[in-house]
>>> print(open('upload21.txt').read())   # compact mmCIF, C-alpha atoms
# COMPACT_ATOMS: atom_id res chain seq x y z
CA MET D 1 -17.22 -11.11 19.18
CA LYS D 2 -15.70 -7.82 18.09
CA LYS D 3 -11.94 -7.41 17.79
CA GLU D 4 -10.23 -5.05 20.23
CA THR D 5 -7.93 -2.18 19.28
CA SER D 6 -4.25 -2.83 20.06
CA PHE D 7 -3.09 0.75 19.45
CA THR D 8 -3.59 3.84 17.30
CA THR D 9 -1.09 6.35 15.95
CA GLN D 10 -0.59 9.12 13.41
CA GLY D 11 2.04 9.30 10.70
CA LYS D 12 5.20 11.39 10.48
CA ARG D 13 5.94 13.83 7.67
CA ALA D 14 8.23 12.51 4.92
CA ASP D 15 7.61 14.91 2.03
CA ILE D 16 9.09 14.42 -1.45
CA GLY D 17 9.10 17.40 -3.80
CA ASP D 18 5.59 18.82 -4.14
CA LEU D 19 4.02 15.76 -2.48
CA THR D 20 2.91 15.96 1.14
CA ILE D 21 3.54 12.53 2.67
CA ASN D 22 2.75 10.96 6.03
CA ARG D 23 4.76 7.84 6.88
CA ILE D 24 2.31 5.51 8.62
CA LEU D 25 4.30 2.27 8.87
CA PRO D 26 6.70 1.44 10.44
CA ASN D 27 5.82 3.40 13.56
CA ARG D 28 6.70 3.44 17.26
CA TYR D 29 4.38 0.48 17.95
CA ALA D 30 4.72 -1.81 14.92
CA ASP D 31 7.31 -2.74 12.28
CA ALA D 32 4.87 -4.79 10.21
CA VAL D 33 1.23 -5.78 9.73
CA GLY D 34 1.23 -9.24 8.19
CA PRO D 35 3.66 -9.00 5.24
CA PHE D 36 3.29 -5.19 4.99
CA VAL D 37 6.38 -3.42 6.36
CA PHE D 38 5.92 0.10 4.99
CA LEU D 39 3.10 2.53 4.22
CA ASP D 40 3.36 6.10 2.96
CA HIS D 41 0.17 8.13 2.56
CA ILE D 42 0.51 10.78 -0.13
CA VAL D 43 -2.20 13.06 1.19
CA PRO D 44 -4.82 14.57 -1.13
CA LYS D 45 -3.61 17.89 -2.50
CA SER D 46 -4.21 20.24 -5.40
CA GLN D 47 -1.06 20.50 -7.52
CA PRO D 48 0.41 22.79 -10.17
CA ASN D 49 0.47 21.47 -13.73
CA THR D 50 4.26 21.12 -13.51
CA MET D 51 5.39 19.25 -10.41
CA ASP D 52 8.58 18.14 -8.69
CA SER D 53 7.19 14.78 -7.62
CA GLY D 54 9.56 11.98 -8.60
CA THR D 55 11.52 9.69 -6.29
CA GLY D 56 14.46 9.54 -8.70
CA ALA D 57 16.11 6.27 -9.68
CA HIS D 58 16.76 4.12 -6.59
CA PRO D 59 17.23 0.41 -5.80
CA HIS D 60 15.16 -2.18 -3.94
CA ARG D 61 15.75 -5.77 -2.91
CA GLY D 62 13.69 -8.19 -0.84
CA ILE D 63 10.28 -6.49 -1.12
CA ALA D 64 7.39 -5.87 -3.47
CA THR D 65 6.37 -2.24 -3.84
CA LEU D 66 2.68 -1.50 -4.35
CA SER D 67 1.48 1.99 -5.31
CA TYR D 68 -2.29 2.57 -5.23
CA ILE D 69 -3.29 5.79 -6.95
CA LEU D 70 -6.57 7.34 -5.80
CA GLU D 71 -6.06 10.57 -7.71
CA GLY D 72 -3.35 11.40 -10.19
CA GLU D 73 -1.14 9.62 -12.70
CA ASP D 74 1.78 7.39 -11.72
CA GLU D 75 4.62 6.74 -14.19
CA HIS D 76 6.96 3.78 -13.61
CA PHE D 77 10.38 2.97 -15.11
CA ASP D 78 12.73 0.20 -13.99
CA SER D 79 16.05 -1.38 -14.90
CA ALA D 80 14.37 -4.57 -16.15
CA GLY D 81 12.89 -2.56 -19.01
CA ASN D 82 9.36 -2.21 -17.63
CA TYR D 83 7.37 0.96 -18.24
CA ALA D 84 3.76 1.96 -17.62
CA LYS D 85 1.48 4.78 -16.60
CA VAL D 86 -1.64 4.26 -14.51
CA GLN D 87 -4.27 6.87 -13.76
CA SER D 88 -6.64 7.44 -10.84
CA GLY D 89 -7.75 4.11 -9.36
CA GLY D 90 -4.81 2.15 -10.81
CA VAL D 91 -2.03 0.13 -9.19
CA GLN D 92 1.72 -0.26 -9.83
CA TRP D 93 3.25 -3.46 -8.35
CA MET D 94 6.91 -4.47 -8.53
CA ASN D 95 8.58 -7.50 -6.97
CA ALA D 96 12.14 -6.29 -6.47
CA GLY D 97 13.39 -9.85 -5.91
CA ASN D 98 17.19 -10.04 -5.96
CA GLY D 99 17.59 -6.42 -7.00
CA ILE D 100 16.17 -3.75 -9.30
CA VAL D 101 16.35 0.01 -9.83
CA HIS D 102 13.08 1.89 -10.38
CA ASP D 103 11.78 5.42 -10.67
CA GLU D 104 8.19 6.46 -9.98
CA THR D 105 6.65 9.87 -10.58
CA LEU D 106 3.21 10.91 -9.36
CA ASN D 107 1.63 13.79 -11.26
CA VAL D 108 -1.81 15.18 -12.02
CA ASP D 109 -4.04 12.94 -14.13
CA SER D 110 -3.51 13.88 -17.79
CA GLN D 111 -6.63 11.97 -18.87
CA SER D 112 -9.17 13.43 -16.43
CA GLY D 113 -7.67 16.91 -16.36
CA THR D 114 -7.95 17.14 -12.56
CA ASN D 115 -5.08 18.74 -10.65
CA ARG D 116 -5.18 16.64 -7.48
CA THR D 117 -2.89 13.87 -6.28
CA HIS D 118 -3.69 11.25 -3.62
CA ALA D 119 -1.99 7.86 -3.29
CA PHE D 120 -0.52 5.15 -1.09
CA GLN D 121 2.73 3.24 -1.31
CA PHE D 122 3.09 -0.08 0.48
CA TRP D 123 6.08 -2.39 0.78
CA ILE D 124 5.27 -6.10 1.02
CA ASN D 125 7.99 -8.20 2.63
CA LEU D 126 8.91 -11.25 0.57
CA PRO D 127 9.72 -14.74 1.90
CA ALA D 128 13.46 -15.47 1.87
CA LYS D 129 13.21 -17.80 -1.14
CA VAL D 130 11.41 -15.13 -3.20
CA LYS D 131 13.99 -12.47 -2.26
CA ALA D 132 16.50 -14.54 -4.28
CA GLU D 133 14.36 -14.68 -7.44
CA LYS D 134 14.32 -12.41 -10.48
CA PRO D 135 12.21 -9.22 -10.31
CA GLU D 136 8.66 -9.08 -11.63
CA TYR D 137 6.39 -6.17 -12.54
CA MET D 138 2.69 -5.55 -13.10
CA SER D 139 0.53 -2.49 -13.75
CA ILE D 140 -3.22 -2.66 -13.17
CA HIS D 141 -5.53 -0.01 -14.56
CA SER D 142 -8.52 1.16 -12.53
CA TYR D 143 -11.05 -0.80 -14.61
CA ASP D 144 -9.20 -4.06 -13.85
CA VAL D 145 -9.15 -3.65 -10.06
CA PRO D 146 -11.71 -6.12 -8.62
CA LYS D 147 -14.68 -4.22 -7.14
CA LYS D 148 -18.17 -5.03 -5.93
CA THR D 149 -21.10 -3.15 -4.46
CA LEU D 150 -21.82 -3.93 -0.81
CA PRO D 151 -25.29 -5.32 0.14
CA ASP D 152 -28.14 -2.80 0.41
CA ASN D 153 -26.13 -0.19 -1.51
CA ARG D 154 -23.94 0.47 1.49
CA GLY D 155 -20.99 1.36 -0.69
CA TRP D 156 -18.30 -0.71 -2.37
CA ILE D 157 -15.13 -2.69 -1.76
CA LYS D 158 -12.04 -2.87 -3.99
CA VAL D 159 -9.53 -5.70 -3.62
CA ILE D 160 -6.10 -4.23 -4.30
CA ALA D 161 -4.26 -7.35 -3.07
CA GLY D 162 -5.47 -10.76 -1.89
CA ALA D 163 -9.12 -11.79 -2.09
CA TYR D 164 -12.54 -11.02 -0.68
CA LYS D 165 -15.26 -13.61 -1.33
CA ASP D 166 -15.40 -13.97 -5.15
CA LEU D 167 -13.01 -11.07 -5.81
CA HIS D 168 -9.35 -11.91 -6.46
CA SER D 169 -6.54 -9.47 -7.21
CA ALA D 170 -4.10 -10.31 -10.01
CA ILE D 171 -1.18 -9.43 -7.71
CA PRO D 172 0.69 -12.59 -6.62
CA ASN D 173 0.33 -13.82 -3.04
CA TYR D 174 3.46 -15.23 -1.40
CA SER D 175 1.59 -15.58 1.90
CA THR D 176 -1.90 -14.76 3.15
CA GLN D 177 -2.31 -11.04 2.45
CA PHE D 178 -5.11 -8.58 1.76
CA LEU D 179 -5.46 -4.90 0.96
CA TYR D 180 -8.99 -3.53 0.70
CA HIS D 181 -10.33 -0.08 -0.10
CA ILE D 182 -13.83 0.27 1.33
CA GLN D 183 -16.09 3.23 0.58
CA LEU D 184 -19.12 3.42 2.87
CA GLU D 185 -22.12 5.62 2.18
CA ALA D 186 -23.64 8.00 4.73
CA LYS D 187 -25.40 6.37 7.69
CA LYS D 188 -24.33 2.87 6.60
CA ASP D 189 -22.24 0.12 8.20
CA PHE D 190 -20.27 -2.89 7.06
CA THR D 191 -18.85 -5.87 9.00
CA LEU D 192 -15.98 -8.24 8.19
CA TYR D 193 -14.96 -11.37 10.09
CA ILE D 194 -11.23 -11.89 10.64
CA GLU D 195 -9.72 -15.30 11.46
CA LYS D 196 -7.52 -15.94 14.50
CA ASP D 197 -3.82 -14.98 14.26
CA ILE D 198 -4.34 -12.71 11.26
CA GLU D 199 -2.75 -9.29 11.68
CA ILE D 200 -4.95 -6.42 10.47
CA ALA D 201 -4.90 -2.64 10.56
CA ALA D 202 -7.15 0.14 9.32
CA PHE D 203 -6.13 3.54 7.99
CA LEU D 204 -8.55 6.46 7.67
CA PRO D 205 -7.24 8.68 4.87
CA THR D 206 -9.61 11.64 4.86
CA LYS D 207 -12.57 11.38 7.27
CA ASN D 208 -13.46 10.11 10.74
CA SER D 209 -14.90 6.63 11.08
CA ILE D 210 -16.39 4.46 13.81
CA LEU D 211 -14.66 1.08 14.15
CA ASN D 212 -16.21 -1.37 16.61
CA ASN D 213 -18.14 1.41 18.37
CA VAL D 214 -15.09 3.70 18.78
CA GLU D 215 -14.71 6.89 16.73
CA PHE D 216 -11.28 7.45 15.17
CA GLN D 217 -9.97 10.56 13.47
CA ALA D 218 -8.94 11.14 9.86
CA GLY D 219 -5.25 10.23 9.47
CA GLU D 220 -5.29 7.57 12.20
CA PHE D 221 -3.71 4.13 11.83
CA VAL D 222 -5.56 1.56 13.95
CA GLU D 223 -4.22 -1.94 14.62
CA PHE D 224 -6.39 -4.71 16.06
CA ASP D 225 -5.65 -7.76 18.22
CA ARG D 226 -5.03 -11.22 16.76
CA ASN D 227 -8.12 -12.89 18.21
CA ALA D 228 -10.79 -14.08 15.81
CA GLY D 229 -13.63 -11.61 15.56
CA GLU D 230 -15.49 -8.92 13.67
CA ILE D 231 -14.63 -5.42 12.60
CA THR D 232 -17.67 -3.20 12.04
CA ILE D 233 -17.20 0.07 10.17
CA GLU D 234 -19.90 2.70 10.72
CA ASN D 235 -20.37 5.98 8.90
CA LYS D 236 -22.27 8.56 10.94
CA LEU D 237 -21.39 11.42 8.58
CA GLN D 238 -23.48 13.01 5.84
CA GLY D 239 -21.17 11.95 3.00
CA ALA D 240 -19.26 8.81 2.03
CA ILE D 241 -16.10 7.76 3.88
CA ASP D 242 -13.07 5.72 2.80
CA VAL D 243 -11.28 3.08 4.90
CA ILE D 244 -8.14 1.14 3.96
CA LEU D 245 -7.89 -2.31 5.57
CA PHE D 246 -4.74 -4.41 5.17
CA GLY D 247 -2.79 -7.25 6.74
CA GLY D 248 -2.31 -10.99 6.62
CA GLU D 249 -0.55 -13.84 8.34
CA PRO D 250 2.48 -12.90 10.47
CA TYR D 251 5.88 -12.82 8.78
CA THR D 252 7.85 -15.46 10.69
CA GLU D 253 11.35 -14.99 9.27
CA PRO D 254 13.76 -12.38 10.69
CA ILE D 255 13.22 -8.83 9.39
CA VAL D 256 16.24 -6.58 8.86
CA ALA D 257 15.48 -3.31 7.07
CA GLU D 258 17.87 -0.57 6.02
CA GLY D 259 17.18 2.12 3.46
CA PRO D 260 15.48 0.61 0.38
CA PHE D 261 16.29 -3.01 1.33
CA VAL D 262 14.39 -5.48 3.55
CA MET D 263 16.26 -8.73 4.11
CA ASN D 264 16.60 -11.48 6.74
CA SER D 265 20.07 -10.68 8.13
CA ARG D 266 22.63 -7.88 8.40
CA LEU D 267 24.91 -9.83 6.05
CA GLU D 268 22.19 -9.85 3.39
CA ILE D 269 21.78 -6.08 3.78
CA ALA D 270 25.53 -5.67 3.22
CA ASP D 271 25.28 -7.92 0.15
CA ALA D 272 22.37 -5.84 -1.19
CA TYR D 273 24.41 -2.64 -1.00
CA ARG D 274 27.52 -4.31 -2.45
CA ASP D 275 25.64 -5.72 -5.44
CA PHE D 276 23.94 -2.40 -6.10
CA TYR D 277 27.20 -0.45 -6.11
CA ALA D 278 28.72 -3.16 -8.33
CA GLY D 279 26.02 -2.40 -10.92
CA LYS D 280 24.27 -5.77 -10.67
CA TYR D 281 20.79 -4.21 -10.54
CA GLY D 282 21.18 -2.68 -13.98
CA LYS D 283 20.27 0.81 -15.20
CA ILE D 284 17.06 2.41 -16.36
CA ASN D 285 16.63 3.19 -20.05
CA TYR D 286 14.24 6.15 -20.08
CA GLN D 287 13.54 5.89 -23.80
CA LYS D 288 10.00 4.61 -24.38
>>> encode(input="upload21.txt", output="structure tokens")
Amino acid sequence: MKKETSFTTQGKRADIGDLTINRILPNRYADAVGPFVFLDHIVPKSQPNTMDSGTGAHPHRGIATLSYILEGEDEHFDSAGNYAKVQSGGVQWMNAGNGIVHDETLNVDSQSGTNRTHAFQFWINLPAKVKAEKPEYMSIHSYDVPKKTLPDNRGWIKVIAGAYKDLHSAIPNYSTQFLYHIQLEAKKDFTLYIEKDIEIAAFLPTKNSILNNVEFQAGEFVEFDRNAGEITIENKLQGAIDVILFGGEPYTEPIVAEGPFVMNSRLEIADAYRDFYAGKYGKINYQK
């Protein structure tokens, strides 16, 4: 049995500097998909060699941020002393835990010499007990992202978070979660089976795709029902298409989000702001 579509929607503009950004989640229909409570799509764009592209130093508490860089170079600093750059295909992951300040800058890829940027940023909501723990950080270069070719040379799948068959991401799982990047070749199809009660959504970053016999447009966010069933992706175009699939088990604790914080109560939000302004998250040392 094929899963049914619950709703579809487009993002809203939320540009930063030279980056053109569509905010996909939360939206008018959903605050979360599994543990994922936020998704920004930094749309593909040619950039000047010198860009105004940084977020600036800002705090987080209660979430893990996950930046997946399709094109470009992402530089990360944080107040716990972590620093890394990842290039096209790489991932930056940070568990903000009980509070951290970070700064991320997306620029053109200095290694490949290309002048395009294209990326995603997700926020993964943490269980209450993990929100109280110390922050953690991990950078994953493109060659370490689990990837396999689909049967009959239909394309490939990358596991950014979670697992798919024998592929397992290095990113910690605090609940059932998955984030897949699927590239499907022309005139090919691919089917996944999703268990009952798992929340799942698809995002089509650049090209139209057919999902369970319905054609959706580039830039659409598509959420499916929670019944067990299949999702079949079909590519009727002449070139390859990309589909982002993500979700997991429902987050069962209360969700209270304000600014850069996602907690379980209004009191915890107030505490997050108080501790930040008291300097408890530390400061970034930009010397490297």
>>> residues_around(input="upload21.txt", residues="D:His41", least_positions_apart="3", cutoff="9 Å", atoms="only C-alpha atoms", output="PyMOL selection string")
chain D and resi 11+20-24+44+118-122+205
>>> residues_near_point(input="upload21.txt", point="(-15.9, -10.9, -4.7)", cutoff="8 Å", atoms="all atoms listed in the file", output="list in words")
Pro146, Lys147, Lys148, Ala163, Tyr164, Lys165, Asp166, Leu167 and His168 of chain D
>>> closest_atom_pairs(input="upload21.txt", of="stretch 94-212 of chain D", to="stretch 262-272 of chain D", cutoff="8 Å", atoms="only C-alpha atoms", output="JSON lines")
{"residue": "D:Gly99", "atom": "CA", "partner": "D:Ala272", "partner_atom": "CA", "distance": 7.5}
{"residue": "D:Asn125", "atom": "CA", "partner": "D:Val262", "partner_atom": "CA", "distance": 7.0}
{"residue": "D:Ala128", "atom": "CA", "partner": "D:Asn264", "partner_atom": "CA", "distance": 7.0}
{"residue": "D:Lys131", "atom": "CA", "partner": "D:Met263", "partner_atom": "CA", "distance": 7.7}
>>> write_last_selection(input="upload21.txt", atoms="C-alpha atoms", output="PDB file, in the frame of the given file")
ATOM      1  CA  GLY D  99      17.590  -6.420  -7.000  1.00  0.00           C
ATOM      2  CA  ASN D 125       7.990  -8.200   2.630  1.00  0.00           C
ATOM      3  CA  ALA D 128      13.460 -15.470   1.870  1.00  0.00           C
ATOM      4  CA  LYS D 131      13.990 -12.470  -2.260  1.00  0.00           C
TER       5      LYS D 131
END
>>> residues_around(input="upload21.txt", residues="D:Lys85", least_positions_apart="3", cutoff="10 Å", atoms="all atoms listed in the file", output="list in words")
Glu73, Asp74, Glu75, His76, Phe77, Gly90, Val91, Gln92, Glu104, Thr105, Leu106, Ser139, Ile140 and His141 of chain D
>>> closest_residue(input="upload21.txt", among="D:Arg274, D:Lys45, D:Lys196, D:Lys188", to="D:Thr232", atoms="all atoms listed in the file")
D:Lys188
>>> atom_distance(input="upload21.txt", atom1="atom CA of D:Thr55", atom2="atom CA of D:Gly89")
20.3 Å
>>> atom_distance(input="upload21.txt", atom1="atom CA of D:Gln177", atom2="atom CA of D:Phe36")
8.5 Å
>>> closest_residue(input="upload21.txt", among="D:Gln183, D:Asn27, D:Asn98, D:Asn82", to="D:His60", atoms="all atoms listed in the file")
D:Asn98
>>> closest_residue(input="upload21.txt", among="D:Phe178, D:Tyr193, D:Tyr281, D:Phe216", to="D:Gly162", atoms="all atoms listed in the file")
D:Phe178
>>> residues_around(input="upload21.txt", residues="D:Lys2", least_positions_apart="6", cutoff="9 Å", atoms="all atoms listed in the file", output="JSON, numbers by chain")
{"D": [193, 212, 228, 229, 230, 231, 232]}
>>> decode(input="upload21.txt", residues="stretch 195-227 of chain D", atoms="N, CA and C atoms", output="PDB file, in the first residue's frame")
ATOM      1  N   GLU D 195       7.556   2.343   8.169  1.00  0.00           N
ATOM      2  CA  GLU D 195       6.759   1.700   9.214  1.00  0.00           C
ATOM      3  C   GLU D 195       5.626   2.608   9.709  1.00  0.00           C
ATOM      4  N   LYS D 196       4.649   1.996  10.350  1.00  0.00           N
ATOM      5  CA  LYS D 196       3.524   2.735  10.931  1.00  0.00           C
ATOM      6  C   LYS D 196       4.010   3.716  12.004  1.00  0.00           C
ATOM      7  N   ASP D 197       3.357   4.859  12.077  1.00  0.00           N
ATOM      8  CA  ASP D 197       3.570   5.901  13.089  1.00  0.00           C
ATOM      9  C   ASP D 197       4.849   6.700  12.886  1.00  0.00           C
ATOM     10  N   ILE D 198       5.602   6.402  11.845  1.00  0.00           N
ATOM     11  CA  ILE D 198       6.794   7.197  11.548  1.00  0.00           C
ATOM     12  C   ILE D 198       6.379   8.420  10.737  1.00  0.00           C
ATOM     13  N   GLU D 199       6.839   9.593  11.169  1.00  0.00           N
ATOM     14  CA  GLU D 199       6.570  10.821  10.430  1.00  0.00           C
ATOM     15  C   GLU D 199       7.648  10.994   9.361  1.00  0.00           C
ATOM     16  N   ILE D 200       7.223  11.358   8.148  1.00  0.00           N
ATOM     17  CA  ILE D 200       8.178  11.487   7.050  1.00  0.00           C
ATOM     18  C   ILE D 200       7.716  12.568   6.086  1.00  0.00           C
ATOM     19  N   ALA D 201       8.688  13.310   5.579  1.00  0.00           N
ATOM     20  CA  ALA D 201       8.420  14.355   4.590  1.00  0.00           C
ATOM     21  C   ALA D 201       9.489  14.299   3.517  1.00  0.00           C
ATOM     22  N   ALA D 202       9.138  14.799   2.343  1.00  0.00           N
ATOM     23  CA  ALA D 202      10.068  14.922   1.225  1.00  0.00           C
ATOM     24  C   ALA D 202      10.208  16.390   0.877  1.00  0.00           C
ATOM     25  N   PHE D 203      11.398  16.767   0.430  1.00  0.00           N
ATOM     26  CA  PHE D 203      11.612  18.110  -0.099  1.00  0.00           C
ATOM     27  C   PHE D 203      12.312  17.974  -1.441  1.00  0.00           C
ATOM     28  N   LEU D 204      11.839  18.734  -2.423  1.00  0.00           N
ATOM     29  CA  LEU D 204      12.371  18.682  -3.786  1.00  0.00           C
ATOM     30  C   LEU D 204      13.156  19.964  -4.047  1.00  0.00           C
ATOM     31  N   PRO D 205      14.479  19.929  -3.937  1.00  0.00           N
ATOM     32  CA  PRO D 205      15.254  21.169  -3.948  1.00  0.00           C
ATOM     33  C   PRO D 205      15.326  21.880  -5.293  1.00  0.00           C
ATOM     34  N   THR D 206      15.408  21.134  -6.393  1.00  0.00           N
ATOM     35  CA  THR D 206      15.704  21.810  -7.663  1.00  0.00           C
ATOM     36  C   THR D 206      14.833  21.382  -8.842  1.00  0.00           C
ATOM     37  N   LYS D 207      14.237  20.189  -8.806  1.00  0.00           N
ATOM     38  CA  LYS D 207      13.497  19.697  -9.964  1.00  0.00           C
ATOM     39  C   LYS D 207      12.209  19.012  -9.526  1.00  0.00           C
ATOM     40  N   ASN D 208      11.255  18.930 -10.452  1.00  0.00           N
ATOM     41  CA  ASN D 208      10.001  18.224 -10.193  1.00  0.00           C
ATOM     42  C   ASN D 208      10.271  16.742  -9.978  1.00  0.00           C
ATOM     43  N   SER D 209       9.366  16.100  -9.241  1.00  0.00           N
ATOM     44  CA  SER D 209       9.464  14.667  -9.012  1.00  0.00           C
ATOM     45  C   SER D 209       8.066  14.087  -8.861  1.00  0.00           C
ATOM     46  N   ILE D 210       7.929  12.816  -9.193  1.00  0.00           N
ATOM     47  CA  ILE D 210       6.665  12.107  -9.003  1.00  0.00           C
ATOM     48  C   ILE D 210       6.792  11.241  -7.760  1.00  0.00           C
ATOM     49  N   LEU D 211       5.927  11.495  -6.781  1.00  0.00           N
ATOM     50  CA  LEU D 211       5.902  10.733  -5.534  1.00  0.00           C
ATOM     51  C   LEU D 211       4.555  10.036  -5.443  1.00  0.00           C
ATOM     52  N   ASN D 212       4.584   8.713  -5.425  1.00  0.00           N
ATOM     53  CA  ASN D 212       3.354   7.911  -5.360  1.00  0.00           C
ATOM     54  C   ASN D 212       2.329   8.369  -6.393  1.00  0.00           C
ATOM     55  N   ASN D 213       2.809   8.476  -7.638  1.00  0.00           N
ATOM     56  CA  ASN D 213       1.984   8.751  -8.824  1.00  0.00           C
ATOM     57  C   ASN D 213       1.486  10.193  -8.921  1.00  0.00           C
ATOM     58  N   VAL D 214       1.960  11.084  -8.055  1.00  0.00           N
ATOM     59  CA  VAL D 214       1.565  12.492  -8.108  1.00  0.00           C
ATOM     60  C   VAL D 214       2.805  13.332  -8.391  1.00  0.00           C
ATOM     61  N   GLU D 215       2.714  14.239  -9.375  1.00  0.00           N
ATOM     62  CA  GLU D 215       3.852  15.094  -9.681  1.00  0.00           C
ATOM     63  C   GLU D 215       3.857  16.318  -8.781  1.00  0.00           C
ATOM     64  N   PHE D 216       5.016  16.586  -8.166  1.00  0.00           N
ATOM     65  CA  PHE D 216       5.207  17.754  -7.320  1.00  0.00           C
ATOM     66  C   PHE D 216       6.283  18.638  -7.930  1.00  0.00           C
ATOM     67  N   GLN D 217       6.214  19.934  -7.583  1.00  0.00           N
ATOM     68  CA  GLN D 217       7.081  20.922  -8.192  1.00  0.00           C
ATOM     69  C   GLN D 217       8.367  21.117  -7.390  1.00  0.00           C
ATOM     70  N   ALA D 218       9.407  21.597  -8.079  1.00  0.00           N
ATOM     71  CA  ALA D 218      10.638  21.974  -7.395  1.00  0.00           C
ATOM     72  C   ALA D 218      10.330  23.001  -6.322  1.00  0.00           C
ATOM     73  N   GLY D 219      10.918  22.831  -5.134  1.00  0.00           N
ATOM     74  CA  GLY D 219      10.679  23.734  -4.010  1.00  0.00           C
ATOM     75  C   GLY D 219       9.534  23.311  -3.117  1.00  0.00           C
ATOM     76  N   GLU D 220       8.856  22.206  -3.432  1.00  0.00           N
ATOM     77  CA  GLU D 220       7.730  21.767  -2.596  1.00  0.00           C
ATOM     78  C   GLU D 220       8.199  20.880  -1.449  1.00  0.00           C
ATOM     79  N   PHE D 221       7.549  21.079  -0.312  1.00  0.00           N
ATOM     80  CA  PHE D 221       7.676  20.236   0.881  1.00  0.00           C
ATOM     81  C   PHE D 221       6.422  19.373   0.930  1.00  0.00           C
ATOM     82  N   VAL D 222       6.605  18.062   1.024  1.00  0.00           N
ATOM     83  CA  VAL D 222       5.481  17.116   0.953  1.00  0.00           C
ATOM     84  C   VAL D 222       5.522  16.240   2.197  1.00  0.00           C
ATOM     85  N   GLU D 223       4.468  16.291   3.012  1.00  0.00           N
ATOM     86  CA  GLU D 223       4.405  15.400   4.178  1.00  0.00           C
ATOM     87  C   GLU D 223       3.402  14.289   3.918  1.00  0.00           C
ATOM     88  N   PHE D 224       3.721  13.099   4.436  1.00  0.00           N
ATOM     89  CA  PHE D 224       2.886  11.917   4.219  1.00  0.00           C
ATOM     90  C   PHE D 224       2.181  11.503   5.508  1.00  0.00           C
ATOM     91  N   ASP D 225       1.160  10.648   5.358  1.00  0.00           N
ATOM     92  CA  ASP D 225       0.417  10.166   6.524  1.00  0.00           C
ATOM     93  C   ASP D 225       1.284   9.227   7.358  1.00  0.00           C
ATOM     94  N   ARG D 226       0.741   8.802   8.509  1.00  0.00           N
ATOM     95  CA  ARG D 226       1.510   7.960   9.432  1.00  0.00           C
ATOM     96  C   ARG D 226       1.170   6.484   9.308  1.00  0.00           C
ATOM     97  N   ASN D 227       0.422   6.100   8.300  1.00  0.00           N
ATOM     98  CA  ASN D 227       0.152   4.685   8.062  1.00  0.00           C
ATOM     99  C   ASN D 227       1.383   4.014   7.473  1.00  0.00           C
TER     100      ASN D 227
END
